[in-house]
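Raw contents of upload.tsv, TSV, C-alpha atoms:
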chain	number	residue	atom	x	y	z
A	1	MET	CA	38.85	-9.85	-38.03
A	2	SER	CA	37.40	-10.50	-41.47
A	3	GLU	CA	36.10	-7.69	-43.62
A	4	LEU	CA	33.00	-6.16	-42.09
A	5	THR	CA	30.34	-4.43	-44.13
A	6	SER	CA	29.41	-0.90	-43.20
A	7	ARG	CA	26.11	-2.12	-41.87
A	8	GLU	CA	27.80	-4.60	-39.55
A	9	ILE	CA	30.13	-1.89	-38.31
A	10	VAL	CA	27.17	0.31	-37.47
A	11	VAL	CA	25.20	-2.38	-35.65
A	12	ASN	CA	28.23	-3.78	-33.85
A	13	GLY	CA	29.44	-0.41	-32.68
A	14	PHE	CA	26.06	0.73	-31.47
A	15	TRP	CA	24.63	-2.43	-29.99
A	16	HIS	CA	26.28	-5.86	-30.29
A	17	ASN	CA	29.66	-4.60	-29.13
A	18	ASN	CA	28.36	-1.65	-27.14
A	19	GLY	CA	31.26	-0.34	-25.09
A	20	ILE	CA	29.25	-0.12	-21.90
A	21	PHE	CA	26.46	-2.68	-22.11
A	22	VAL	CA	28.47	-5.50	-23.63
A	23	GLN	CA	32.20	-4.85	-23.22
A	24	LEU	CA	31.95	-2.97	-19.90
A	25	LEU	CA	34.78	-0.65	-20.90
A	26	GLY	CA	35.29	2.91	-19.79
A	27	MET	CA	33.61	2.52	-16.41
A	28	CYS	CA	35.26	5.59	-14.89
A	29	PRO	CA	33.40	8.25	-16.89
A	30	THR	CA	30.33	6.03	-17.08
A	31	LEU	CA	29.84	5.80	-13.36
A	32	ALA	CA	31.13	9.20	-12.35
A	33	VAL	CA	29.45	11.49	-14.86
A	34	THR	CA	25.98	10.03	-15.21
A	35	THR	CA	24.30	11.83	-12.34
A	36	SER	CA	21.93	13.37	-14.87
A	37	ALA	CA	20.79	12.73	-18.42
A	38	GLU	CA	22.33	15.96	-19.64
A	39	ASN	CA	25.78	15.16	-18.24
A	40	GLY	CA	25.65	11.71	-19.79
A	41	VAL	CA	24.83	13.02	-23.25
A	42	GLY	CA	27.48	15.75	-23.03
A	43	MET	CA	30.18	13.31	-22.01
A	44	GLY	CA	29.05	10.79	-24.62
A	45	LEU	CA	29.19	13.28	-27.47
A	46	ALA	CA	32.60	14.59	-26.42
A	47	THR	CA	33.88	11.02	-26.36
A	48	MET	CA	32.33	10.34	-29.74
A	49	PHE	CA	34.22	13.21	-31.37
A	50	VAL	CA	37.48	12.04	-29.86
A	51	LEU	CA	36.78	8.48	-30.95
A	52	MET	CA	35.97	9.47	-34.51
A	53	GLY	CA	39.01	11.74	-34.82
A	54	SER	CA	41.47	9.33	-33.26
A	55	ASN	CA	40.14	6.39	-35.27
A	56	MET	CA	40.57	8.31	-38.53
A	57	VAL	CA	44.09	9.49	-37.75
A	58	VAL	CA	45.18	6.07	-36.48
A	59	SER	CA	43.82	4.51	-39.66
A	60	MET	CA	45.64	7.10	-41.79
A	61	ILE	CA	49.01	6.53	-40.15
A	62	ARG	CA	48.63	2.78	-39.65
A	63	SER	CA	51.11	1.90	-42.39
A	64	ILE	CA	53.94	4.17	-41.22
A	65	ILE	CA	53.85	3.37	-37.48
A	66	PRO	CA	56.24	0.57	-36.47
A	67	SER	CA	54.20	-1.89	-34.44
A	68	ASP	CA	56.59	-1.69	-31.47
A	69	VAL	CA	55.72	1.94	-30.79
A	70	ARG	CA	52.12	1.95	-31.95
A	71	ILE	CA	50.62	2.32	-28.45
A	72	PRO	CA	52.55	5.50	-27.52
A	73	ALA	CA	51.76	6.92	-30.95
A	74	TYR	CA	48.04	6.21	-30.48
A	75	ILE	CA	48.10	7.77	-27.02
A	76	ILE	CA	49.64	10.96	-28.43
A	77	VAL	CA	46.95	11.12	-31.11
A	78	ILE	CA	44.16	10.52	-28.59
A	79	ALA	CA	45.57	13.00	-26.09
A	80	ALA	CA	45.81	15.65	-28.81
A	81	PHE	CA	42.16	15.17	-29.77
A	82	VAL	CA	41.03	15.28	-26.15
A	83	THR	CA	42.88	18.55	-25.59
A	84	ILE	CA	41.30	20.02	-28.72
A	85	ILE	CA	37.85	19.01	-27.45
A	86	ASP	CA	38.65	20.35	-24.00
A	87	LEU	CA	39.71	23.75	-25.32
A	88	SER	CA	36.83	24.00	-27.79
A	89	MET	CA	34.22	23.09	-25.19
A	90	ASN	CA	35.70	25.57	-22.77
A	91	ALA	CA	35.43	28.25	-25.45
A	92	TYR	CA	32.04	27.50	-26.99
A	93	VAL	CA	29.96	25.52	-24.47
A	94	HIS	CA	31.40	26.97	-21.31
A	95	ASP	CA	28.59	25.88	-18.96
A	96	LEU	CA	28.71	22.23	-19.97
A	97	HIS	CA	32.47	22.36	-19.70
A	98	LYS	CA	32.18	23.55	-16.12
A	99	VAL	CA	29.96	20.57	-15.26
A	100	LEU	CA	32.05	17.92	-17.01
A	101	GLY	CA	35.22	19.69	-15.91
A	102	ILE	CA	37.75	17.15	-14.76
A	103	PHE	CA	36.21	14.27	-16.69
A	104	ILE	CA	37.12	15.67	-20.10
A	105	PRO	CA	40.88	15.16	-19.72
A	106	LEU	CA	40.09	11.66	-18.46
A	107	ILE	CA	38.73	10.74	-21.87
A	108	VAL	CA	42.39	10.09	-22.73
A	109	VAL	CA	42.43	7.00	-20.57
A	110	ASN	CA	39.00	5.74	-21.59
A	111	CYS	CA	39.82	2.23	-22.72
A	112	ILE	CA	37.09	2.23	-25.36
A	113	ILE	CA	39.11	4.71	-27.40
A	114	LEU	CA	42.44	2.94	-27.23
A	115	GLY	CA	40.58	-0.34	-27.71
A	116	ARG	CA	38.98	0.79	-30.95
A	117	ALA	CA	42.26	2.29	-32.20
A	118	GLU	CA	44.12	-0.95	-31.52
A	119	SER	CA	41.54	-3.52	-32.56
A	120	PHE	CA	39.78	-1.77	-35.42
A	121	ALA	CA	41.26	1.46	-36.76
A	122	SER	CA	44.77	0.08	-37.11
A	123	LYS	CA	43.48	-2.60	-39.49
A	124	ASN	CA	40.81	-0.84	-41.53
A	125	SER	CA	40.35	1.96	-44.05
A	126	VAL	CA	39.84	5.56	-42.97
A	127	PHE	CA	36.18	5.49	-43.94
A	128	LYS	CA	35.42	2.36	-41.97
A	129	ALA	CA	37.43	3.60	-39.01
A	130	ALA	CA	35.45	6.84	-38.98
A	131	LEU	CA	32.18	4.92	-39.22
A	132	ASP	CA	33.24	2.66	-36.40
A	133	GLY	CA	34.24	5.66	-34.29
A	134	ILE	CA	30.94	7.43	-34.84
A	135	PHE	CA	28.78	4.44	-34.01
A	136	THR	CA	30.84	3.14	-31.11
A	137	GLY	CA	30.64	6.72	-29.83
A	138	LEU	CA	26.90	6.87	-30.35
A	139	GLY	CA	26.50	3.57	-28.56
A	140	PHE	CA	28.51	4.98	-25.68
A	141	THR	CA	26.40	8.15	-25.69
A	142	PHE	CA	23.22	6.09	-25.72
A	143	ALA	CA	24.42	4.01	-22.77
A	144	LEU	CA	25.37	7.10	-20.76
A	145	PHE	CA	22.04	8.69	-21.67
A	146	VAL	CA	20.07	5.68	-20.41
A	147	LEU	CA	22.08	5.41	-17.23
A	148	GLY	CA	21.94	9.17	-16.62
A	149	SER	CA	18.17	9.24	-17.21
A	150	VAL	CA	17.51	6.39	-14.81
A	151	ARG	CA	19.67	7.91	-12.11
A	152	GLU	CA	18.23	11.39	-12.53
A	153	LEU	CA	14.64	10.12	-12.52
A	154	LEU	CA	15.06	7.94	-9.45
A	155	GLY	CA	17.51	10.15	-7.62
A	156	ALA	CA	16.05	13.59	-8.22
A	157	GLY	CA	12.65	13.04	-9.86
A	158	THR	CA	13.64	15.14	-12.87
A	159	TRP	CA	14.65	14.53	-16.48
A	160	PHE	CA	16.94	17.02	-18.20
A	161	GLU	CA	16.24	19.13	-15.11
A	162	MET	CA	12.49	19.22	-15.83
A	163	PRO	CA	10.40	17.85	-13.00
A	164	VAL	CA	8.52	14.88	-14.49
A	165	LEU	CA	7.63	12.76	-11.48
A	166	GLY	CA	5.10	14.60	-9.34
A	167	SER	CA	5.66	15.80	-5.82
A	168	SER	CA	4.19	12.56	-4.44
A	169	PHE	CA	7.35	10.81	-5.66
A	170	HIS	CA	10.13	10.82	-3.12
A	171	PRO	CA	13.50	10.76	-4.91
A	172	SER	CA	15.89	8.27	-3.51
A	173	LEU	CA	19.14	10.11	-3.06
A	174	VAL	CA	21.33	7.05	-3.34
A	175	PHE	CA	20.90	6.95	-7.11
A	176	VAL	CA	22.71	10.26	-7.54
A	177	LEU	CA	25.51	9.11	-5.25
A	178	PRO	CA	28.27	6.75	-6.45
A	179	PRO	CA	26.69	3.50	-5.15
A	180	GLY	CA	23.57	4.26	-7.18
A	181	ALA	CA	25.65	4.23	-10.34
A	182	PHE	CA	26.64	0.62	-9.75
A	183	ILE	CA	23.14	-0.44	-8.75
A	184	ALA	CA	21.47	1.24	-11.73
A	185	LEU	CA	24.07	-0.07	-14.18
A	186	GLY	CA	23.65	-3.59	-12.83
A	187	PHE	CA	19.92	-3.60	-13.41
A	188	ILE	CA	20.29	-2.04	-16.86
A	189	LEU	CA	22.78	-4.78	-17.79
A	190	VAL	CA	20.27	-7.41	-16.71
A	191	GLY	CA	17.68	-5.77	-18.94
A	192	VAL	CA	20.03	-5.58	-21.93
A	193	ARG	CA	21.11	-9.22	-21.61
A	194	TRP	CA	17.55	-10.37	-21.23
A	195	PHE	CA	16.57	-8.42	-24.35
A	196	ASN	CA	19.46	-9.82	-26.41
A	197	GLN	CA	18.96	-13.42	-25.35
A	198	ARG	CA	15.23	-13.27	-25.94
A	199	GLY	CA	16.04	-12.28	-29.52
A	200	ASP	CA	18.49	-15.16	-29.88
A	201	SER	CA	16.07	-17.88	-28.82
A	202	ALA	CA	13.31	-16.46	-31.00
A	203	SER	CA	15.33	-16.57	-34.20
B	1	MET	CA	68.13	2.36	-40.89
B	2	PRO	CA	68.24	0.60	-37.49
B	3	ASP	CA	64.84	-0.13	-36.02
B	4	PHE	CA	65.25	1.92	-32.88
B	5	LEU	CA	66.09	4.97	-34.94
B	6	LYS	CA	63.01	4.57	-37.09
B	7	MET	CA	60.81	4.18	-34.02
B	8	GLY	CA	62.28	7.30	-32.45
B	9	ILE	CA	61.86	9.34	-35.59
B	10	VAL	CA	58.28	8.24	-36.13
B	11	LEU	CA	57.32	9.00	-32.54
B	12	MET	CA	59.04	12.36	-32.77
B	13	LEU	CA	57.13	13.22	-35.93
B	14	VAL	CA	53.81	12.19	-34.38
B	15	GLY	CA	54.64	14.31	-31.34
B	16	MET	CA	55.63	17.31	-33.44
B	17	VAL	CA	52.49	17.22	-35.55
B	18	ALA	CA	50.31	16.83	-32.46
B	19	THR	CA	52.07	19.74	-30.78
B	20	ALA	CA	51.63	21.95	-33.80
B	21	VAL	CA	47.92	21.18	-34.03
B	22	LEU	CA	47.47	21.85	-30.31
B	23	ALA	CA	49.34	25.14	-30.55
B	24	MET	CA	47.01	26.27	-33.32
B	25	THR	CA	43.92	25.21	-31.38
B	26	GLU	CA	45.12	26.98	-28.28
B	27	SER	CA	45.70	30.26	-30.06
B	28	ALA	CA	42.33	30.00	-31.81
B	29	THR	CA	40.40	29.36	-28.59
B	30	ARG	CA	42.28	31.65	-26.23
B	31	ALA	CA	40.14	34.72	-26.91
B	32	PRO	CA	36.77	32.89	-26.83
B	33	ILE	CA	37.70	31.19	-23.55
B	34	ALA	CA	38.67	34.48	-21.94
B	35	GLU	CA	35.45	36.03	-23.24
B	36	ALA	CA	33.33	33.14	-21.94
B	37	LYS	CA	34.94	33.46	-18.52
B	38	ARG	CA	34.35	37.19	-18.52
B	39	GLN	CA	30.69	36.74	-19.49
B	40	GLU	CA	30.29	34.25	-16.70
B	41	THR	CA	31.78	36.63	-14.14
B	42	LEU	CA	29.63	39.46	-15.46
B	43	ARG	CA	26.51	37.30	-15.25
B	44	ILE	CA	27.18	36.43	-11.63
B	45	LEU	CA	28.00	40.05	-10.83
B	46	LYS	CA	24.79	41.25	-12.45
B	47	SER	CA	22.73	38.87	-10.36
B	48	VAL	CA	24.55	39.65	-7.13
B	49	LEU	CA	25.26	43.38	-7.19
B	50	PRO	CA	22.48	45.92	-6.52
B	51	GLU	CA	20.75	46.98	-9.71
B	52	GLY	CA	21.57	50.12	-11.61
B	53	PHE	CA	25.36	50.19	-11.74
B	54	ASP	CA	26.72	51.85	-14.85
B	55	ASN	CA	30.42	51.02	-14.58
B	56	GLU	CA	32.10	47.78	-15.51
B	57	PRO	CA	32.49	45.95	-12.22
B	58	ASP	CA	34.71	43.27	-13.71
B	59	VAL	CA	37.27	45.95	-14.58
B	60	ASP	CA	36.75	48.23	-11.59
B	61	THR	CA	38.37	45.93	-9.11
B	62	VAL	CA	40.74	45.88	-6.18
B	63	THR	CA	42.36	42.87	-4.56
B	64	PHE	CA	42.95	41.99	-0.93
B	65	ALA	CA	44.36	38.95	0.80
B	66	ASP	CA	43.16	38.15	4.28
B	67	LYS	CA	42.69	35.10	6.49
B	68	ARG	CA	39.00	35.87	6.83
B	69	LEU	CA	38.37	35.67	3.10
B	70	ASN	CA	40.06	32.34	2.63
B	71	ARG	CA	42.33	30.34	4.82
B	72	ARG	CA	45.29	30.29	2.48
B	73	GLU	CA	45.21	34.07	2.14
B	74	LYS	CA	44.94	33.92	-1.60
B	75	PRO	CA	44.24	37.34	-3.13
B	76	VAL	CA	40.52	37.99	-3.56
B	77	THR	CA	39.15	40.31	-6.20
B	78	PHE	CA	36.59	42.87	-5.07
B	79	TYR	CA	34.24	43.91	-7.89
B	80	ARG	CA	32.84	47.37	-7.31
B	81	GLY	CA	29.49	48.47	-8.64
B	82	ARG	CA	29.05	52.21	-8.96
B	83	LYS	CA	26.63	54.59	-10.55
B	84	GLY	CA	28.57	57.69	-11.53
B	85	ALA	CA	30.47	58.53	-8.36
B	86	THR	CA	28.03	56.78	-6.01
B	87	ASN	CA	29.05	53.46	-4.58
B	88	LEU	CA	26.27	50.92	-5.02
B	89	GLY	CA	27.99	47.91	-3.57
B	90	VAL	CA	30.86	45.53	-3.83
B	91	ALA	CA	30.94	41.81	-4.61
B	92	PHE	CA	33.66	39.39	-3.63
B	93	VAL	CA	34.24	35.69	-3.12
B	94	VAL	CA	34.66	34.22	0.33
B	95	THR	CA	35.64	30.62	0.85
B	96	ALA	CA	34.20	28.40	3.55
B	97	PRO	CA	36.87	25.78	4.22
B	98	ASP	CA	34.81	23.80	6.74
B	99	GLY	CA	31.92	22.47	4.68
B	100	TYR	CA	31.03	18.81	4.59
B	101	SER	CA	33.13	18.13	1.52
B	102	GLY	CA	35.76	20.52	0.24
B	103	ASP	CA	35.69	24.28	-0.04
B	104	ILE	CA	32.48	26.19	-0.62
B	105	GLU	CA	33.00	29.36	-2.62
B	106	LEU	CA	30.44	32.09	-2.12
B	107	MET	CA	30.04	35.31	-4.04
B	108	MET	CA	28.64	37.87	-1.62
B	109	SER	CA	27.74	41.46	-2.26
B	110	VAL	CA	27.59	44.12	0.41
B	111	ASN	CA	25.94	47.50	0.28
B	112	PRO	CA	27.94	50.56	1.32
B	113	ASP	CA	25.93	50.75	4.57
B	114	GLY	CA	27.32	47.38	5.64
B	115	SER	CA	24.23	45.30	4.92
B	116	ILE	CA	24.36	42.23	2.75
B	117	ASN	CA	22.68	42.45	-0.62
B	118	LEU	CA	22.91	38.86	-1.82
B	119	VAL	CA	24.90	35.69	-1.36
B	120	GLN	CA	25.33	33.20	-4.16
B	121	VAL	CA	27.19	29.91	-4.17
B	122	VAL	CA	29.84	29.81	-6.88
B	123	SER	CA	31.16	26.30	-6.38
B	124	HIS	CA	30.75	23.52	-3.86
B	125	ALA	CA	30.99	19.77	-3.54
B	126	GLU	CA	28.37	19.22	-0.84
B	127	THR	CA	26.17	16.13	-0.77
B	128	PRO	CA	23.47	16.23	-3.45
B	129	GLY	CA	20.05	16.44	-1.84
B	130	LEU	CA	21.34	17.49	1.57
B	131	GLY	CA	24.05	20.13	1.70
B	132	ASP	CA	23.42	21.31	-1.83
B	133	LYS	CA	20.17	22.92	-0.71
B	134	ILE	CA	22.33	26.02	-0.31
B	135	VAL	CA	22.15	26.15	-4.12
B	136	LYS	CA	18.85	24.50	-4.95
B	137	THR	CA	16.60	26.42	-2.56
B	138	ASP	CA	16.25	30.12	-1.82
B	139	TRP	CA	17.97	29.64	1.51
B	140	PRO	CA	20.73	32.20	0.67
B	141	LEU	CA	18.06	34.92	0.49
B	142	ALA	CA	18.00	34.81	4.29
B	143	PHE	CA	21.19	36.88	4.21
B	144	LYS	CA	19.56	39.81	2.44
B	145	GLY	CA	19.69	43.01	4.46
B	146	LYS	CA	21.60	41.50	7.33
B	147	THR	CA	24.27	43.56	9.06
B	148	GLN	CA	26.74	42.73	11.76
B	149	GLU	CA	24.22	43.74	14.43
B	150	ASN	CA	20.66	43.05	13.26
B	151	VAL	CA	20.80	39.28	13.41
B	152	LYS	CA	22.29	36.57	15.58
B	153	TRP	CA	25.00	35.02	13.37
B	154	GLY	CA	24.82	31.26	13.49
B	155	VAL	CA	22.41	28.45	12.65
B	156	LYS	CA	19.42	27.84	14.91
B	157	LYS	CA	21.03	24.77	16.42
B	158	ASP	CA	23.85	27.00	17.70
B	159	GLY	CA	21.45	29.66	18.98
B	160	GLY	CA	21.62	31.85	15.86
B	161	ASP	CA	18.90	33.06	13.51
B	162	PHE	CA	19.64	31.07	10.35
B	163	ASP	CA	17.82	27.87	9.44
B	164	GLN	CA	19.74	24.67	9.02
B	165	PHE	CA	18.41	21.81	6.89
B	166	ALA	CA	17.13	18.54	8.23
B	167	GLY	CA	20.12	16.21	8.12
B	168	ALA	CA	22.59	18.88	7.11
B	169	THR	CA	23.87	21.32	9.70
B	170	ILE	CA	27.52	21.43	8.76
B	171	THR	CA	27.02	23.08	5.38
B	172	PRO	CA	24.80	26.00	6.54
B	173	ARG	CA	27.01	26.50	9.59
B	174	ALA	CA	30.08	26.81	7.37
B	175	VAL	CA	28.32	29.19	4.99
B	176	VAL	CA	26.98	31.42	7.75
B	177	ALA	CA	30.41	31.63	9.37
B	178	ALA	CA	32.12	32.43	6.06
B	179	VAL	CA	29.63	35.18	5.21
B	180	LYS	CA	30.09	36.66	8.68
B	181	ARG	CA	33.86	36.72	8.25
B	182	GLY	CA	33.47	38.36	4.86
B	183	LEU	CA	31.16	40.97	6.33
B	184	ASP	CA	33.57	41.68	9.19
B	185	PHE	CA	36.35	42.18	6.69
B	186	PHE	CA	34.20	44.53	4.63
B	187	VAL	CA	33.22	46.70	7.60
B	188	GLU	CA	36.83	46.97	8.72
B	189	LYS	CA	38.25	47.82	5.29
B	190	LYS	CA	35.32	49.67	3.79
B	191	GLU	CA	37.27	52.81	2.94
B	192	ALA	CA	40.02	50.91	1.17
B	193	ILE	CA	37.56	48.67	-0.66
B	194	PHE	CA	35.69	51.53	-2.28
B	195	GLN	CA	38.79	53.57	-3.02
B	196	PRO	CA	38.73	54.50	-6.71
B	197	ALA	CA	41.21	52.57	-8.76
B	198	THR	CA	44.47	54.47	-9.05
B	199	GLY	CA	45.83	53.40	-12.37
B	200	GLU	CA	44.64	50.20	-14.00
B	201	LYS	CA	45.58	47.24	-11.88
B	202	LYS	CA	45.09	44.01	-13.72
B	203	PRO	CA	43.86	41.20	-11.48
The structure in this file should be written as structure tokens.
Amino acid sequence: MSELTSREIVVNGFWHNNGIFVQLLGMCPTLAVTTSAENGVGMGLATMFVLMGSNMVVSMIRSIIPSDVRIPAYIIVIAAFVTIIDLSMNAYVHDLHKVLGIFIPLIVVNCIILGRAESFASKNSVFKAALDGIFTGLGFTFALFVLGSVRELLGAGTWFEMPVLGSSFHPSLVFVLPPGAFIALGFILVGVRWFNQRGDSAS
Amino acid sequence: MPDFLKMGIVLMLVGMVATAVLAMTESATRAPIAEAKRQETLRILKSVLPEGFDNEPDVDTVTFADKRLNRREKPVTFYRGRKGATNLGVAFVVTAPDGYSGDIELMMSVNPDGSINLVQVVSHAETPGLGDKIVKTDWPLAFKGKTQENVKWGVKKDGGDFDQFAGATITPRAVVAAVKRGLDFFVEKKEAIFQPATGEKKP
């Protein structure tokens, strides 16, 4: 990977290499948590903090870690950050923690995080690694937010728990259930690809 | 230095630093987490117990273990609301093991005369849109004022007095049965349940 400018890092992380829409990484939290917009945003932000922290630490220690044991070392760093987030959320945003519950520890095995540590943070400066972590995390949050919004609107007729579609709208339960996650994500992916390719042919 | 030694030492150092950071985080968040849990319990107790208690129900407790409260006979904490020396009611959690999906935990409060004050669902994993109407509607209010005698215990489909939901009979049936068992236990052990705490027993 050649040297990327900060601007490229931002755009890549958020859109062109979006963890969900483009790379299709981290499907477990994506599909399981996004039953509502609020859950999606909460999970996304928690992941973003982990991603930023682990990217920075991995970048800091990249010169002293022998390459043979880099993966276990990264996993320890990531697991430590996830536990810190888990404890802090439990202490300070207890209600959200109750909702996201078992999915927080699962951030450890979210492949986006290990992927960024391995492919970006271990080769770049601390500043760039942090930037990459923040914007990859924001891209992830944005994707979960879109998916959560679609599923909540179609499945429950609400948005952030406010009723927005009138009583004449009959929510279709399937969108809140697991199959709805796959269906909604599939259609969103179609939309994203269409949007990106339209831009390509125009330029 | 041989390679394997260097790898081991580096991994050990990473592990030690991570452990140290986690230990600090844990000790910093222990008190806030306990406080958040306590606030949550208090909030539920306030909404469930009859109004006007002036003791601290989350401290004035007694524990019992019985098959009727939950199948595994785990100890259940009984939170007692009193005003001065008058018993206002007691709140405790009963578990319905036979819901549609997993255990349903219910916080129920009973008045000293053996009538139910309120029932509130603490946790469940019932189907969104069907079984979860026990949380999203005011269905649990149907329990208010009910005693062992003044109502036929059971859902309408089984010849009882409680409504089921269209498409979801199993959940209400399980809840009604669990509340009935809890009420039976209360009536049988009423004296012991309201017994003033002799010495502080920590739950």
Let me have the centre and edge lengths in Å, one decimal, of the box along x, y and z around every listed atom of range 106-124 of chain A with 5 Å of margin on each side, as JSON.
{"center_x": 40.9, "center_y": 4.1, "center_z": -30.0, "size_x": 17.7, "size_y": 25.2, "size_z": 33.1}
With a distance cut-off of 10 Å and all atoms listed in the file, select the neighbouring residues of Gly8 in chain B, excluding the residue or stretch itself and same-chain residues fewer than 5 positions from it, and output the selection as a ChimeraX atom specification. /A:66,69 /B:3,13-14
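Considering all atoms listed in the file, the residue among A:Ile113, A:Ile61, A:Leu100, A:Ile71 positioned nearest to Ile134 in chain A is A:Ile113.
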Please write as number ranges by chain the list of polymer residues whose atoms come within 12 Å of (61.4, 5.7, -42.1), counting only C-alpha atoms and keeping to the coordinates of the file. A: 63-66; B: 1-13
Using all atoms listed in the file and a distance of at most 10 Å, pull out the residues of chain B that contact chain A, as JSON, numbers by chain. {"B": [3, 4, 6, 7, 8, 10, 11, 12, 13, 14, 15, 17, 18, 19, 20, 21, 22, 23, 24, 25, 26, 28, 29, 30, 31, 32, 33, 34, 35, 36, 37, 39, 40, 127, 128, 129, 130]}
Env of range 181-185 of chain B: 7 Å cut, atoms = all atoms listed in the file, seq-sep filter 6 positions within chain, self excluded. Answer as a PDB file with C-alpha atoms, in the frame of the given file.
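Written output follows (around-v2.pdb):
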ATOM      1  CA  ARG B  68      39.000  35.870   6.830  1.00  0.00           C
ATOM      2  CA  LEU B  69      38.370  35.670   3.100  1.00  0.00           C
ATOM      3  CA  VAL B  94      34.660  34.220   0.330  1.00  0.00           C
TER       4      VAL B  94
END
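Distances to Leu4 in chain A were evaluated for A:Met162, A:Ala129, A:Val190, A:Val57 using all atoms listed in the file, and the minimum falls at A:Ala129.
Near Leu147 in chain A, within a cut-off of 9 Å and counting all atoms listed in the file, sit the residues Thr30, Leu31, Thr34, Thr35, Ser36, Ala37, Gly40, Ala181, Ala184, Leu185 and Ile188 of chain A, with same-chain residues fewer than 6 positions away left out.
Here CA of Lys83 in chain B and CA of Thr147 in chain B stand 22.6 Å from one another.
Proximity to range 109-117 of chain B at 9 Å, evaluated using all atoms listed in the file and with sequence-adjacent residues fewer than 3 positions away removed, yields Leu45, Val48, Leu49, Pro50, Tyr79, Asn87, Leu88, Gly89, Val90, Ala91, Phe92, Val93, Gln120, Leu141, Phe143, Lys144, Gly145, Lys146, Thr147, Gln148, Leu183, Phe186, Val187, Lys190 and Phe194 of chain B.
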Which of these residues is nearest to Val135 in chain B, using only C-alpha atoms: B:Gly102, B:Gly84, B:Gly159, B:Pro172? B:Pro172
Excluding Val175 in chain B and any residue of its chain fewer than 2 positions from it, enumerate the residues within 9 Å of it, using all atoms listed in the file, and give them as a PyMOL selection string. chain B and resi 95-96+98-99+104-106+134+170-173+177-180
Proximity to Gly157 in chain A - best of A:Phe182, A:Val108, A:Val33, A:Phe175, all atoms listed in the file: A:Phe175
Cut-off 8 Å around (33.2, 10.3, -29.8) with only C-alpha atoms: residues as number ranges by chain: A: 44-53, 133-134, 136-138
Take the residues from that selection and put them in a file with C-alpha atoms, as a PDB file, keeping the file's coordinate frame.
ATOM      1  CA  GLY A  44      29.050  10.790 -24.620  1.00  0.00           C
ATOM      2  CA  LEU A  45      29.190  13.280 -27.470  1.00  0.00           C
ATOM      3  CA  ALA A  46      32.600  14.590 -26.420  1.00  0.00           C
ATOM      4  CA  THR A  47      33.880  11.020 -26.360  1.00  0.00           C
ATOM      5  CA  MET A  48      32.330  10.340 -29.740  1.00  0.00           C
ATOM      6  CA  PHE A  49      34.220  13.210 -31.370  1.00  0.00           C
ATOM      7  CA  VAL A  50      37.480  12.040 -29.860  1.00  0.00           C
ATOM      8  CA  LEU A  51      36.780   8.480 -30.950  1.00  0.00           C
ATOM      9  CA  MET A  52      35.970   9.470 -34.510  1.00  0.00           C
ATOM     10  CA  GLY A  53      39.010  11.740 -34.820  1.00  0.00           C
ATOM     11  CA  GLY A 133      34.240   5.660 -34.290  1.00  0.00           C
ATOM     12  CA  ILE A 134      30.940   7.430 -34.840  1.00  0.00           C
ATOM     13  CA  THR A 136      30.840   3.140 -31.110  1.00  0.00           C
ATOM     14  CA  GLY A 137      30.640   6.720 -29.830  1.00  0.00           C
ATOM     15  CA  LEU A 138      26.900   6.870 -30.350  1.00  0.00           C
TER      16      LEU A 138
END
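Taking CA of Trp15 in chain A and CA of Asn196 in chain A as endpoints, the distance between them is 9.7 Å.
If you look at CA of Thr86 in chain B and CA of Glu56 in chain B, they are 13.7 Å away from each other.
Comparing the minimum interatomic distances between Glu126 in chain B and each of B:Val151, B:Ala142, B:Met108, B:Ala174, counting all atoms listed in the file, we find that B:Ala174 sits nearest.
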Generate the missing atoms of range 123-128 of chain A up to N, CA, C and O atoms and report them as a compact mmCIF listing (two decimals), keeping the file's coordinate frame.
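Contents of out.txt, as written:
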# COMPACT_ATOMS: atom_id res chain seq x y z
N LYS A 123 43.55 -1.55 -38.48
CA LYS A 123 43.48 -2.60 -39.49
C LYS A 123 42.50 -2.28 -40.60
O LYS A 123 42.27 -3.10 -41.48
N ASN A 124 41.87 -1.12 -40.57
CA ASN A 124 40.81 -0.84 -41.53
C ASN A 124 41.00 0.51 -42.21
O ASN A 124 41.79 1.35 -41.76
N SER A 125 40.23 0.73 -43.28
CA SER A 125 40.35 1.96 -44.05
C SER A 125 39.84 3.14 -43.23
O SER A 125 39.13 2.98 -42.24
N VAL A 126 40.22 4.35 -43.70
CA VAL A 126 39.84 5.56 -42.97
C VAL A 126 38.33 5.67 -42.86
O VAL A 126 37.78 5.98 -41.80
N PHE A 127 37.63 5.36 -43.95
CA PHE A 127 36.18 5.49 -43.94
C PHE A 127 35.55 4.57 -42.90
O PHE A 127 34.73 4.99 -42.09
N LYS A 128 36.00 3.30 -42.93
CA LYS A 128 35.42 2.36 -41.97
C LYS A 128 35.79 2.72 -40.54
O LYS A 128 34.98 2.57 -39.62
